[in-house]
Structure formats: structure tokens, C-alpha cells
$ cat data_33.cif   # mmCIF, C-alpha atoms
data_protein
loop_
_atom_site.group_PDB
_atom_site.id
_atom_site.type_symbol
_atom_site.label_atom_id
_atom_site.label_comp_id
_atom_site.auth_asym_id
_atom_site.auth_seq_id
_atom_site.Cartn_x
_atom_site.Cartn_y
_atom_site.Cartn_z
ATOM 1 C CA MET A 1 87.366 44.156 99.454
ATOM 2 C CA GLY A 2 89.591 45.527 96.747
ATOM 3 C CA LEU A 3 88.839 48.420 94.444
ATOM 4 C CA TYR A 4 87.392 47.324 91.103
ATOM 5 C CA ILE A 5 87.396 49.604 88.069
ATOM 6 C CA LEU A 6 85.345 48.524 85.049
ATOM 7 C CA THR A 7 86.195 50.099 81.702
ATOM 8 C CA SER A 8 85.369 49.600 78.042
ATOM 9 C CA MET A 9 88.097 51.127 75.851
ATOM 10 C CA PHE A 10 90.153 54.313 75.486
ATOM 11 C CA GLU A 11 90.905 54.667 71.787
ATOM 12 C CA SER A 12 92.632 58.047 72.161
ATOM 13 C CA GLY A 13 94.274 57.531 75.521
ATOM 14 C CA PHE A 14 92.886 58.313 78.957
ATOM 15 C CA PRO A 15 90.731 61.451 79.057
ATOM 16 C CA ASP A 16 92.015 63.965 81.589
ATOM 17 C CA ASP A 17 89.199 63.331 84.060
ATOM 18 C CA ILE A 18 89.720 59.555 83.934
ATOM 19 C CA ALA A 19 93.476 59.993 84.331
ATOM 20 C CA GLU A 20 92.874 62.149 87.402
ATOM 21 C CA LEU A 21 90.564 59.461 88.730
ATOM 22 C CA PHE A 22 93.331 56.871 88.295
ATOM 23 C CA ARG A 23 95.835 59.156 90.025
ATOM 24 C CA GLN A 24 93.520 59.511 93.002
ATOM 25 C CA ARG A 25 92.508 55.856 93.317
ATOM 26 C CA ILE A 26 95.833 54.160 92.576
ATOM 27 C CA ALA A 27 97.817 55.036 95.660
ATOM 28 C CA ARG A 28 100.437 52.283 95.460
ATOM 29 C CA ARG A 29 102.356 52.037 92.181
ATOM 30 C CA LYS A 30 105.149 49.577 92.788
ATOM 31 C CA SER A 31 103.920 46.874 90.418
ATOM 32 C CA PHE A 32 101.461 46.510 87.543
ATOM 33 C CA ALA A 33 100.276 43.106 86.285
ATOM 34 C CA PHE A 34 98.704 42.909 82.826
ATOM 35 C CA VAL A 35 96.641 39.705 82.658
ATOM 36 C CA ALA A 36 96.124 38.615 79.061
ATOM 37 C CA SER A 37 92.910 37.280 77.602
ATOM 38 C CA GLU A 38 94.698 34.639 75.500
ATOM 39 C CA PHE A 39 97.537 32.987 77.405
ATOM 40 C CA ARG A 40 98.950 31.082 74.446
ATOM 41 C CA ASN A 41 99.782 31.822 70.795
ATOM 42 C CA PHE A 42 98.991 35.552 71.039
ATOM 43 C CA GLU A 43 102.170 36.817 72.719
ATOM 44 C CA ASP A 44 102.884 39.540 70.135
ATOM 45 C CA LYS A 45 99.346 40.940 70.385
ATOM 46 C CA THR A 46 99.419 40.748 74.179
ATOM 47 C CA ASP A 47 102.745 42.592 74.337
ATOM 48 C CA PHE A 48 101.450 45.265 71.962
ATOM 49 C CA TYR A 49 98.474 46.075 74.170
ATOM 50 C CA PHE A 50 100.527 45.798 77.346
ATOM 51 C CA LYS A 51 102.848 48.527 76.049
ATOM 52 C CA ARG A 52 99.955 50.568 74.680
ATOM 53 C CA PHE A 53 98.090 50.822 77.979
ATOM 54 C CA LEU A 54 101.230 51.209 80.045
ATOM 55 C CA ASN A 55 102.131 54.156 77.782
ATOM 56 C CA MET A 56 98.682 55.652 78.409
ATOM 57 C CA PHE A 57 99.447 55.704 82.122
ATOM 58 C CA GLU A 58 102.909 57.170 81.548
ATOM 59 C CA GLU A 59 101.517 59.896 79.270
ATOM 60 C CA LYS A 60 99.440 61.040 82.270
ATOM 61 C CA ASN A 61 102.432 60.845 84.656
ATOM 62 C CA ILE A 62 101.233 57.637 86.307
ATOM 63 C CA ARG A 63 104.254 55.358 86.499
ATOM 64 C CA PHE A 64 104.866 51.957 88.020
ATOM 65 C CA GLU A 65 108.215 50.750 89.296
ATOM 66 C CA LYS A 66 107.667 47.320 87.758
ATOM 67 C CA ALA A 67 105.253 46.114 85.074
ATOM 68 C CA PHE A 68 104.847 42.631 83.632
ATOM 69 C CA VAL A 69 102.574 40.436 81.536
ATOM 70 C CA VAL A 70 100.756 37.469 83.025
ATOM 71 C CA ASP A 71 100.135 34.792 80.393
ATOM 72 C CA GLY A 72 101.367 31.362 79.320
ATOM 73 C CA ARG A 73 104.994 32.437 79.553
ATOM 74 C CA MET A 74 104.557 32.025 83.314
ATOM 75 C CA THR A 75 103.791 28.835 85.191
ATOM 76 C CA PRO A 76 100.505 28.841 87.143
ATOM 77 C CA LYS A 77 102.478 29.344 90.382
ATOM 78 C CA GLU A 78 104.424 32.263 88.890
ATOM 79 C CA ALA A 79 101.182 33.815 87.590
ATOM 80 C CA GLN A 80 99.498 33.488 90.983
ATOM 81 C CA ASP A 81 102.472 35.035 92.779
ATOM 82 C CA ALA A 82 102.696 37.878 90.253
ATOM 83 C CA VAL A 83 99.021 38.800 90.561
ATOM 84 C CA THR A 84 99.146 38.523 94.358
ATOM 85 C CA ARG A 85 102.117 40.914 94.600
ATOM 86 C CA ALA A 86 100.807 43.476 92.106
ATOM 87 C CA ASP A 87 99.392 46.766 93.352
ATOM 88 C CA VAL A 88 97.357 47.056 90.152
ATOM 89 C CA VAL A 89 95.964 44.118 88.181
ATOM 90 C CA TRP A 90 94.724 44.849 84.653
ATOM 91 C CA LEU A 91 92.366 42.245 83.170
ATOM 92 C CA SER A 92 92.698 42.865 79.466
ATOM 93 C CA GLY A 93 90.145 42.921 76.711
ATOM 94 C CA GLY A 94 89.885 40.275 74.022
ATOM 95 C CA ASP A 95 88.210 36.876 74.027
ATOM 96 C CA THR A 96 85.996 36.884 77.129
ATOM 97 C CA LEU A 97 85.426 33.133 77.356
ATOM 98 C CA ALA A 98 89.063 32.287 76.642
ATOM 99 C CA GLN A 99 90.191 34.671 79.359
ATOM 100 C CA PHE A 100 87.946 33.085 81.967
ATOM 101 C CA LYS A 101 89.100 29.616 80.892
ATOM 102 C CA TYR A 102 92.729 30.606 81.436
ATOM 103 C CA LEU A 103 91.987 32.315 84.752
ATOM 104 C CA ARG A 104 90.553 29.025 85.979
ATOM 105 C CA GLU A 105 93.315 26.901 84.440
ATOM 106 C CA TYR A 106 96.029 29.009 86.076
ATOM 107 C CA GLY A 107 94.302 29.166 89.459
ATOM 108 C CA LEU A 108 93.852 32.938 89.253
ATOM 109 C CA CYS A 109 90.148 33.237 90.058
ATOM 110 C CA GLY A 110 90.568 33.007 93.817
ATOM 111 C CA VAL A 111 93.713 35.139 93.713
ATOM 112 C CA ILE A 112 91.827 37.940 91.974
ATOM 113 C CA ARG A 113 88.829 37.622 94.304
ATOM 114 C CA ARG A 114 91.104 37.960 97.343
ATOM 115 C CA HIS A 115 93.166 40.819 95.896
ATOM 116 C CA GLU A 116 93.041 43.894 98.128
ATOM 117 C CA GLY A 117 94.579 46.346 95.688
ATOM 118 C CA VAL A 118 93.187 47.818 92.471
ATOM 119 C CA VAL A 119 91.784 45.505 89.793
ATOM 120 C CA ILE A 120 90.955 47.138 86.461
ATOM 121 C CA GLY A 121 88.877 45.251 83.926
ATOM 122 C CA MET A 122 88.735 46.367 80.303
ATOM 123 C CA SER A 123 85.968 45.049 78.036
ATOM 124 C CA ALA A 124 86.295 41.252 78.431
ATOM 125 C CA GLY A 125 87.978 41.841 81.777
ATOM 126 C CA SER A 126 85.029 43.936 82.955
ATOM 127 C CA ILE A 127 82.576 41.236 81.904
ATOM 128 C CA ASN A 128 84.547 38.578 83.766
ATOM 129 C CA LEU A 129 84.714 40.581 86.999
ATOM 130 C CA ALA A 130 80.945 40.199 87.376
ATOM 131 C CA ARG A 131 79.113 37.623 89.438
ATOM 132 C CA ILE A 132 77.170 36.780 86.279
ATOM 133 C CA ALA A 133 78.974 37.320 82.975
ATOM 134 C CA VAL A 134 76.574 38.241 80.183
ATOM 135 C CA CYS A 135 78.299 37.781 76.824
ATOM 136 C CA THR A 136 76.029 38.885 74.003
ATOM 137 C CA ALA A 137 76.382 38.052 70.325
ATOM 138 C CA SER A 138 75.637 41.710 69.603
ATOM 139 C CA CYS A 139 78.795 42.674 71.524
ATOM 140 C CA GLY A 140 80.941 40.634 69.171
ATOM 141 C CA HIS A 141 80.973 37.238 70.870
ATOM 142 C CA ASP A 142 80.580 34.130 68.712
ATOM 143 C CA ARG A 143 77.323 33.352 70.474
ATOM 144 C CA GLN A 144 75.427 34.356 73.576
ATOM 145 C CA GLN A 145 76.972 32.921 76.742
ATOM 146 C CA ILE A 146 75.917 33.516 80.350
ATOM 147 C CA TYR A 147 77.935 32.004 83.175
ATOM 148 C CA ASP A 148 79.069 32.459 86.771
ATOM 149 C CA ALA A 149 82.251 34.520 86.534
ATOM 150 C CA LEU A 150 84.693 35.921 89.108
ATOM 151 C CA GLY A 151 82.037 37.422 91.360
ATOM 152 C CA CYS A 152 84.141 40.433 92.325
ATOM 153 C CA VAL A 153 81.304 42.855 91.520
ATOM 154 C CA ASP A 154 77.529 42.456 91.610
ATOM 155 C CA ILE A 155 76.832 44.167 88.288
ATOM 156 C CA SER A 156 76.985 42.873 84.714
ATOM 157 C CA VAL A 157 78.182 45.130 81.905
ATOM 158 C CA GLU A 158 77.921 45.448 78.136
ATOM 159 C CA PRO A 159 81.149 47.172 77.022
ATOM 160 C CA HIS A 160 81.450 49.371 73.919
ATOM 161 C CA PHE A 161 77.817 50.348 74.397
ATOM 162 C CA VAL A 162 76.276 52.763 71.873
ATOM 163 C CA ARG A 163 72.880 54.175 72.813
ATOM 164 C CA ASP A 164 71.389 54.258 69.314
ATOM 165 C CA ARG A 165 72.565 50.725 68.437
ATOM 166 C CA VAL A 166 70.879 48.686 71.165
ATOM 167 C CA SER A 167 70.149 45.146 70.035
ATOM 168 C CA PRO A 168 66.881 43.270 70.621
ATOM 169 C CA GLU A 169 69.052 40.582 72.221
ATOM 170 C CA LEU A 170 70.282 42.977 74.918
ATOM 171 C CA LEU A 171 66.792 44.298 75.642
ATOM 172 C CA ASP A 172 65.486 40.768 75.942
ATOM 173 C CA LEU A 173 68.272 39.794 78.357
ATOM 174 C CA SER A 174 67.567 42.880 80.449
ATOM 175 C CA ARG A 175 64.232 41.360 81.451
ATOM 176 C CA LYS A 176 66.172 38.780 83.439
ATOM 177 C CA TYR A 177 69.433 40.601 84.219
ATOM 178 C CA VAL A 178 70.244 44.213 85.041
ATOM 179 C CA ILE A 179 73.013 45.206 82.650
ATOM 180 C CA TYR A 180 75.025 48.425 82.551
ATOM 181 C CA GLY A 181 75.893 49.775 79.123
ATOM 182 C CA LEU A 182 79.496 50.911 79.449
ATOM 183 C CA CYS A 183 80.458 53.330 76.686
ATOM 184 C CA ASP A 184 84.072 53.853 75.680
ATOM 185 C CA ASP A 185 85.923 56.463 77.795
ATOM 186 C CA SER A 186 83.720 55.688 80.795
ATOM 187 C CA VAL A 187 84.352 53.964 84.118
ATOM 188 C CA ILE A 188 82.395 52.215 86.864
ATOM 189 C CA ILE A 189 84.112 51.947 90.245
ATOM 190 C CA CYS A 190 82.935 49.281 92.688
ATOM 191 C CA SER A 191 84.131 49.188 96.276
ATOM 192 C CA ASP A 192 82.776 48.532 99.750
ATOM 193 C CA LYS A 193 81.284 52.041 99.522
ATOM 194 C CA GLY A 194 79.101 51.059 96.558
ATOM 195 C CA GLN A 195 79.216 52.036 92.896
ATOM 196 C CA GLU A 196 80.416 55.237 91.254
ATOM 197 C CA PHE A 197 79.858 56.147 87.625
ATOM 198 C CA PHE A 198 82.070 58.326 85.433
ATOM 199 C CA GLY A 199 81.406 59.105 81.779
ATOM 200 C CA GLU A 200 78.495 57.933 79.630
ATOM 201 C CA ILE A 201 76.834 54.906 81.230
ATOM 202 C CA TYR A 202 73.342 53.415 80.904
ATOM 203 C CA LYS A 203 71.293 51.036 83.003
ATOM 204 C CA ILE A 204 69.358 48.473 80.937
ATOM 205 C CA SER A 205 66.614 46.771 82.921
ATOM 206 C CA ASP A 206 63.177 45.286 82.107
ATOM 207 C CA GLY A 207 63.547 46.394 78.501
ATOM 208 C CA ASN A 208 64.174 50.016 79.495
ATOM 209 C CA ILE A 209 67.311 52.104 79.041
ATOM 210 C CA GLU A 210 68.131 54.845 81.530
ATOM 211 C CA ARG A 211 71.243 57.009 81.498
ATOM 212 C CA VAL A 212 72.944 57.054 84.884
ATOM 213 C CA ARG A 213 75.819 59.349 83.844
#

$ encode --input "data_33.cif" --output "C-alpha cells"
Amino acid sequence: MGLYILTSMFESGFPDDIAELFRQRIARRKSFAFVASEFRNFEDKTDFYFKRFLNMFEEKNIRFEKAFVVDGRMTPKEAQDAVTRADVVWLSGGDTLAQFKYLREYGLCGVIRRHEGVVIGMSAGSINLARIAVCTASCGHDRQQIYDALGCVDISVEPHFVRDRVSPELLDLSRKYVIYGLCDDSVIICSDKGQEFFGEIYKISDGNIERVR
């Protein structure tokens, strides 16, 4: 099993404690693969965020020998090879459903499931790492969508969670699914040792909200 890191967003760069966490958990830094959410027609936006997050790592003295974008500028075979070789795979934020569609189209689902390095999901990427992806309208999706996703982790998350802005939709869904509210600047690590929580994170279950960090 690889190491899966679920995140929401870091508007002001990586906090020092999260950067230290990355330094400790990312042992191999030869290659970094940034997997887009939209593989076509959004190259400028994809490149902007690729550089933004790569700079966040570099600002904390975490550097990779090679870094590249995985999107429609690669063939499916090239994308699969790139993700397989990468020490760190970053599943970007953006359109959650579009990302999962492209992961399937490019044959990347199995590649990511079998990856033995570090896979970091941000926002949409975190949702898609779950066994069951819970996409709520209150989290900015066009409509509520629930589907079988990558299955790399057993937990479902609601990124950009704000404790005093919990929607009735999310509480209602929590009666069927256990969902973790992942606030910005927080991280959930999933590995064969279980789950670890860093930052402000909530467990939403049976209509109740409990802070776990």
C-alpha cells in the first residue's frame, strides 16, 4: 500500500508543520507528477497551479529532480508511464467528476491504486481517492453525485470544510456515509498503519459533527 495524503487547500503556502510533515513522509524526491483535473482545454490554468504548488514545496526546501504535468498533452501510455515512475503523484483540485472521467479514459485508475509511493490528493483529488466519492452541491459541485471512485482510501471527505457553515445536505448524507470535514491547511494521512490527522478536521456521522483534530 502506498502513502495517501488528503488535503483541501493551502492559500498562503504550506504551514511550517505541514511542510515538516511532507519532509518526513516524502523520502524519495526524484520525480513529481502533477495530474490535472481537466486534461483538455485548460492547459494554462493547469500549468499555473502546477508551478504554484511546486513553488510551495521549493519555498520549504523540498525539491524534486524532475517535475511534470500529466494531462491531455500526453498519450494514455505516456501518462501511465509517468505516474508509475513518479515518487510523488499530486491529484489536483478542480472539477471532481471531470478528473475521474479522465483518470478512467487514460487508464490511470489502476496505476494510481497500485502506486507504492506517495499520492497526494487536493480537494477534488482527495474526493476521488476515496472508495466512495461524495460530491455535494454545497461544496460547489453542479449537483450532488455519489459514485465508486479510486478506492485507495476507505474514508470520504468534504474539502474546504467550515464548521459554522455546515449544510443540511451534508448532515443528511452523513446518516448514510461517514464523511470527514477537511478544513484548509489540514491533512489526513492514510497508510497501512491507519489514519493520522493534522490540522482542523471533523468527523460527520449520523447527523453529528465531532472534531477529531

$ residues_around --input "data_33.cif" --residues "stretch 135-141 of chain A" --least-positions-apart "3" --cutoff "12 Å" --atoms "all atoms listed in the file" --output "PyMOL selection string"
chain A and resi 8+94-98+100+123-128+130+132+144-149+156-162+165-174+177+179+181-183

$ resolve_selection --input "data_33.cif" --expression "the PyMOL selection byres ((chain A and resi 80) around 8)" --output "JSON, numbers by chain"
{"A": [76, 77, 78, 79, 81, 82, 83, 84, 106, 107, 108, 111]}

$ write_last_selection --input "data_33.cif" --atoms "C-alpha atoms" --output "mmCIF file, in the coordinates of the input"
data_model
loop_
_atom_site.group_PDB
_atom_site.id
_atom_site.type_symbol
_atom_site.label_atom_id
_atom_site.label_comp_id
_atom_site.auth_asym_id
_atom_site.auth_seq_id
_atom_site.Cartn_x
_atom_site.Cartn_y
_atom_site.Cartn_z
ATOM 1 C CA PRO A 76 100.505 28.841 87.143
ATOM 2 C CA LYS A 77 102.478 29.344 90.382
ATOM 3 C CA GLU A 78 104.424 32.263 88.890
ATOM 4 C CA ALA A 79 101.182 33.815 87.590
ATOM 5 C CA ASP A 81 102.472 35.035 92.779
ATOM 6 C CA ALA A 82 102.696 37.878 90.253
ATOM 7 C CA VAL A 83 99.021 38.800 90.561
ATOM 8 C CA THR A 84 99.146 38.523 94.358
ATOM 9 C CA TYR A 106 96.029 29.009 86.076
ATOM 10 C CA GLY A 107 94.302 29.166 89.459
ATOM 11 C CA LEU A 108 93.852 32.938 89.253
ATOM 12 C CA VAL A 111 93.713 35.139 93.713
#

$ resolve_selection --input "data_33.cif" --expression "the PyMOL selection byres ((chain A and resi 59) around 12)" --output "number ranges by chain"
A: 12-16, 19, 51-58, 60-63

$ atom_distance --input "data_33.cif" --atom1 "atom CA of A:Lys30" --atom2 "atom CA of A:Glu65"
4.8 Å

$ closest_residue --input "data_33.cif" --among "A:Phe32, A:Tyr180, A:Phe198, A:Phe10" --to "A:Val89" --atoms "all atoms listed in the file"
A:Phe32

$ residues_near_point --input "data_33.cif" --point "(84.7, 50.3, 97.6)" --cutoff "9 Å" --atoms "all atoms listed in the file" --output "list in words"
Met1, Gly2, Leu3, Tyr4, Ile189, Cys190, Ser191, Asp192, Lys193, Gly194 and Gln195 of chain A

$ atom_distance --input "data_33.cif" --atom1 "atom CA of A:Cys152" --atom2 "atom CA of A:Val119"
9.5 Å

$ atom_distance --input "data_33.cif" --atom1 "atom CA of A:Ile188" --atom2 "atom CA of A:Ile5"
5.8 Å

$ resolve_selection --input "data_33.cif" --expression "the PyMOL selection byres ((chain A and resi 71) around 6)" --output "list of chain:residue names"
A:Ala36, A:Phe39, A:Val70, A:Gly72, A:Arg73, A:Met74
